[in-house]
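Novice: Input model_19.txt, format and content: compact mmCIF, C-alpha atoms.
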```
# COMPACT_ATOMS: atom_id res chain seq x y z
CA GLU M 1 3.39 24.46 10.40
CA ILE M 2 3.63 21.77 7.75
CA PRO M 3 1.91 22.75 4.48
CA ARG M 4 -0.89 20.32 3.76
CA VAL M 5 -2.42 19.06 0.56
CA THR M 6 -6.13 19.04 1.21
CA GLY M 7 -9.48 18.67 -0.52
CA VAL M 8 -9.26 18.26 -4.23
CA GLN M 9 -5.46 17.98 -4.05
CA THR M 10 -5.83 14.47 -2.65
CA CYS M 11 -6.94 13.37 -6.13
CA ALA M 12 -3.67 11.64 -6.95
CA LEU M 13 -3.13 9.88 -3.64
CA PRO M 14 -5.62 7.00 -4.12
CA ILE M 15 -4.34 6.40 -7.64
CA CYS M 16 -0.70 6.57 -6.52
CA ALA M 17 -1.52 4.20 -3.65
CA PHE M 18 -3.23 1.73 -5.98
CA TYR M 19 -0.49 2.00 -8.61
CA GLY M 20 2.38 1.47 -6.19
CA ILE M 21 0.72 -1.38 -4.34
CA PHE M 22 -0.41 -3.05 -7.60
CA VAL M 23 3.12 -2.92 -9.01
CA GLY M 24 4.56 -4.18 -5.74
CA PHE M 25 2.12 -7.00 -5.07
CA VAL M 26 1.13 -8.09 -8.57
CA ALA M 27 3.28 -6.87 -11.42
CA GLY M 28 6.71 -6.02 -10.05
CA GLY M 29 8.16 -9.39 -9.17
CA THR M 30 8.32 -8.52 -5.47
CA PHE M 31 7.57 -12.03 -4.30
CA GLU M 32 8.38 -13.91 -7.52
CA PRO M 33 11.08 -12.25 -9.64
CA CYS M 34 9.82 -13.89 -12.84
CA THR M 35 6.34 -12.32 -12.55
CA ILE M 36 7.45 -9.20 -14.41
CA ALA M 37 8.72 -11.34 -17.30
CA GLY M 38 5.12 -12.18 -18.16
CA ALA M 39 4.55 -8.58 -19.17
CA PHE M 40 7.24 -9.05 -21.80
CA ASP M 41 5.83 -12.29 -23.20
CA VAL M 42 8.01 -14.68 -21.19
CA GLU M 43 6.10 -17.41 -19.41
CA LEU M 44 6.72 -17.86 -15.67
CA ASP M 45 8.02 -21.43 -15.98
CA LYS M 46 10.33 -20.46 -18.85
CA CYS M 47 11.81 -17.60 -16.82
CA GLN M 48 12.30 -19.83 -13.80
CA SER M 49 13.87 -22.55 -15.94
CA VAL M 50 16.35 -20.17 -17.58
CA LEU M 51 17.32 -18.60 -14.25
CA THR M 52 17.68 -22.03 -12.61
CA THR M 53 19.99 -23.16 -15.42
CA LEU M 54 22.00 -19.94 -15.25
CA GLN M 55 22.19 -20.17 -11.46
CA LYS M 56 24.27 -23.34 -11.75
CA LYS M 57 26.94 -21.44 -13.71
CA GLU M 58 26.60 -17.88 -12.41
CA PRO M 59 24.78 -17.85 -9.05
CA ASN M 60 25.84 -14.29 -8.22
CA LEU M 61 24.44 -13.02 -11.51
CA VAL M 62 21.05 -14.65 -10.89
CA HIS M 63 21.08 -13.34 -7.33
CA THR M 64 21.77 -9.82 -8.64
CA PHE M 65 18.90 -9.92 -11.15
CA THR M 66 16.36 -11.45 -8.81
CA LEU M 67 17.32 -9.25 -5.85
CA THR M 68 17.09 -6.12 -7.99
CA THR M 69 13.67 -7.13 -9.31
CA ARG M 70 12.36 -7.81 -5.82
CA LEU M 71 13.79 -4.56 -4.42
CA GLU M 72 12.14 -2.56 -7.19
CA GLY M 73 8.81 -4.17 -6.37
CA PHE M 74 9.20 -3.39 -2.67
CA LEU M 75 10.16 0.22 -3.44
CA TRP M 76 7.02 0.66 -5.57
CA MET M 77 5.03 -0.94 -2.79
CA SER M 78 6.52 1.46 -0.23
CA MET M 79 5.53 4.43 -2.40
CA GLY M 80 2.02 3.02 -2.71
CA ILE M 81 1.66 2.37 1.01
CA THR M 82 3.01 5.85 1.81
CA SER M 83 0.48 7.37 -0.58
CA GLY M 84 -2.26 5.38 1.10
CA LEU M 85 -1.17 6.48 4.57
CA ALA M 86 -1.04 10.07 3.33
CA LEU M 87 -4.80 9.87 2.81
CA LEU M 88 -5.10 9.43 6.58
CA TYR M 89 -2.20 11.64 7.69
CA ALA M 90 -2.25 14.99 5.91
CA PRO M 91 1.35 15.98 6.82
CA LEU M 92 2.61 13.06 4.69
CA ARG M 93 0.83 14.25 1.55
CA PRO M 94 3.44 16.59 0.06
CA GLY M 95 6.24 14.06 0.57
CA ALA M 96 4.20 11.16 -0.76
CA LEU M 97 3.20 13.11 -3.87
CA LEU M 98 6.77 14.28 -4.45
CA ALA M 99 8.14 10.73 -4.09
CA MET M 100 5.54 9.36 -6.50
CA ALA M 101 6.16 12.14 -9.01
CA LEU M 102 9.91 11.59 -8.99
CA GLY M 103 9.66 7.80 -8.96
CA CYS M 104 7.20 7.76 -11.85
CA LEU M 105 9.22 10.29 -13.90
CA LEU M 106 12.39 8.26 -13.44
CA ALA M 107 10.58 5.02 -14.30
CA ALA M 108 9.08 6.61 -17.43
CA GLY M 109 12.52 7.89 -18.40
CA THR M 110 13.98 4.41 -18.07
CA HIS M 111 11.28 2.91 -20.29
CA MET M 112 11.74 5.76 -22.78
CA GLN M 113 15.48 5.09 -22.85
CA HIS M 114 14.80 1.40 -23.54
CA GLU M 115 12.59 2.43 -26.45
CA GLY M 116 15.34 4.67 -27.86
CA MET M 117 13.35 7.85 -27.19
CA LEU M 118 16.16 9.47 -25.20
CA GLY M 119 19.06 8.73 -27.50
CA GLU M 120 20.44 5.34 -28.35
CA ALA M 121 18.87 2.46 -26.44
CA PRO M 122 21.22 0.62 -24.05
CA TRP M 123 22.85 -2.59 -25.31
CA HIS M 124 20.60 -4.73 -23.11
CA ALA M 125 17.30 -3.06 -24.00
CA MET M 126 14.65 -4.28 -26.37
CA THR M 127 11.68 -2.53 -27.89
CA HIS M 128 8.40 -3.91 -26.61
CA PRO M 129 4.81 -2.57 -26.65
CA PHE M 130 4.55 -2.93 -22.87
CA ASN M 131 7.24 -0.25 -22.48
CA SER M 132 4.85 2.21 -24.13
CA THR M 133 2.08 1.19 -21.71
CA LEU M 134 4.40 1.74 -18.77
CA ILE M 135 5.52 5.11 -20.12
CA GLY M 136 1.88 6.19 -20.31
CA PHE M 137 0.94 4.99 -16.81
CA ASP M 138 4.10 6.40 -15.23
CA LEU M 139 3.71 9.80 -16.89
CA LEU M 140 0.02 9.98 -15.98
CA ALA M 141 0.68 9.20 -12.31
CA ALA M 142 3.59 11.68 -12.23
CA ALA M 143 1.51 14.41 -13.88
CA MET M 144 -1.30 13.94 -11.38
CA ALA M 145 1.09 14.08 -8.44
CA ILE M 146 2.81 17.19 -9.83
CA TYR M 147 -0.54 18.87 -10.49
CA CYS M 148 -1.69 18.18 -6.94
CA LEU M 149 1.56 19.51 -5.50
CA HIS M 150 1.43 22.61 -7.69
CA SER M 151 -2.22 23.36 -6.98
CA SER M 152 -1.67 22.99 -3.24
CA LYS M 153 0.97 25.75 -3.34
CA VAL M 154 3.19 23.62 -1.08
CA PHE M 155 6.26 25.03 -2.81
CA LYS M 156 5.17 28.66 -2.97
CA SER M 157 8.00 31.10 -2.46
CA LYS M 158 8.09 33.13 0.71
CA SER M 159 8.96 36.80 0.53
CA ALA M 160 11.50 38.07 3.01
```
Translate this structure into structure tokens?

Specialist:
Amino acid sequence: EIPRVTGVQTCALPICAFYGIFVGFVAGGTFEPCTIAGAFDVELDKCQSVLTTLQKKEPNLVHTFTLTTRLEGFLWMSMGITSGLALLYAPLRPGALLAMALGCLLAAGTHMQHEGMLGEAPWHAMTHPFNSTLIGFDLLAAAMAIYCLHSSKVFKSKSA
């Protein structure tokens, strides 16, 4: 029998669903790679202009950046949709919560690294207030998912 997260343990699923779908559809650049640039004070037309200019010299580089941005958005969206479906299909709940917890922890870690909180910031990173916002949201969603998993005793040890 598949262990199920039930009752109060479903607390994180609607938030994880909203968060993943919001990032995928609105904030993540899923359908327009320059959307995410707005969060870092770069206007949409400026981003598109710079990428269009760069595309004439380095098309593979622009393709890499835009493809990566879009894939990230679709991955967030898939986590959000999975969390939403887990509200309807109880057997999906542990996996959906685990995926959201890991995804959010890794995302928070990336933003923390860019802020220099985990050692020296990478050469390409910049400090920006929005990184702190993302760290907070990612850690909150991860903590809720971990709490729900823990309280459901999905990972309880079995004695022999």

Novice: Could you list, as a list in words, every residue within 8 Å of Leu102 in chain M, counting all atoms listed in the file and ignoring same-chain residues fewer than 4 positions away?

Specialist: Leu98, Leu106 and Ala142 of chain M

Novice: What does the distance from CA of Leu75 in chain M to CA of Ser151 in chain M come to in Å, to one decimal?

Specialist: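 Separation of CA of Leu75 in chain M and CA of Ser151 in chain M: 26.5 Å.
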
Novice: From the set M:Gly109, M:Gly73, M:Gly80, M:Pro91, which residue has the shortest atom-to-atom contact distance to Ala27 in chain M, counting only C-alpha atoms?

Specialist: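 Selected residue with least distance to Ala27 in chain M: M:Gly73.
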
Novice: Choose the residue, out of M:Leu149, M:Gly119, M:Trp76, M:Ala39, that has the smallest atom-to-atom separation from Ser132 in chain M; count only C-alpha atoms.

Specialist: M:Ala39

Novice: Which of these, M:Ala101, M:Leu67, M:Leu88, M:Ile36, has the shortest distance to Ala143 in chain M once you count all atoms listed in the file?

Specialist: M:Ala101

Novice: Pick the closest to Ala90 in chain M from M:Met126, M:Ala141, M:Leu105, M:Leu13: which is it, counting only C-alpha atoms?

Specialist: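 For Ala90 in chain M, the nearest of the candidates is M:Leu13.
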
Novice: Do you know which residues are at most 9 Å from Met112 in chain M counting all atoms listed in the file, after dropping those on the same chain fewer than 6 positions away, and could you put them as number ranges by chain?

Specialist: M: 118, 121, 131-132, 135

Novice: Would you kindly return, as an mmCIF file with C-alpha atoms, keeping the file's coordinate frame, each protein, DNA or RNA residue with an atom no farther than 12 Å from any atom of Glu32 in chain M, considering only C-alpha atoms and excluding same-chain residues fewer than 6 positions away?

Specialist:
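Written file, part_14.cif:
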```
data_model
loop_
_atom_site.group_PDB
_atom_site.id
_atom_site.type_symbol
_atom_site.label_atom_id
_atom_site.label_comp_id
_atom_site.auth_asym_id
_atom_site.auth_seq_id
_atom_site.Cartn_x
_atom_site.Cartn_y
_atom_site.Cartn_z
ATOM 1 C CA GLY M 24 4.560 -4.180 -5.740
ATOM 2 C CA PHE M 25 2.120 -7.000 -5.070
ATOM 3 C CA VAL M 26 1.130 -8.090 -8.570
ATOM 4 C CA GLY M 38 5.120 -12.180 -18.160
ATOM 5 C CA LEU M 44 6.720 -17.860 -15.670
ATOM 6 C CA ASP M 45 8.020 -21.430 -15.980
ATOM 7 C CA CYS M 47 11.810 -17.600 -16.820
ATOM 8 C CA GLN M 48 12.300 -19.830 -13.800
ATOM 9 C CA PHE M 65 18.900 -9.920 -11.150
ATOM 10 C CA THR M 66 16.360 -11.450 -8.810
ATOM 11 C CA LEU M 67 17.320 -9.250 -5.850
ATOM 12 C CA THR M 68 17.090 -6.120 -7.990
ATOM 13 C CA THR M 69 13.670 -7.130 -9.310
ATOM 14 C CA ARG M 70 12.360 -7.810 -5.820
ATOM 15 C CA LEU M 71 13.790 -4.560 -4.420
ATOM 16 C CA GLU M 72 12.140 -2.560 -7.190
ATOM 17 C CA GLY M 73 8.810 -4.170 -6.370
ATOM 18 C CA PHE M 74 9.200 -3.390 -2.670
#
```

Novice: Scan for residues within 9 Å of the point (0.4, 3.4, -1.0) in the coordinates of the file, using all atoms listed in the file, and reply as an NGL selection string.

Specialist: :M and (13-21 or 76-86 or 96)

Novice: Kindly indicate which residue among M:Met117, M:Ile146, M:Leu140, M:Ala107 lies nearest to Gly95 in chain M, using all atoms listed in the file for the distances.

Specialist: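 When distances to Gly95 in chain M are compared using all atoms listed in the file, the smallest one comes from M:Ile146.
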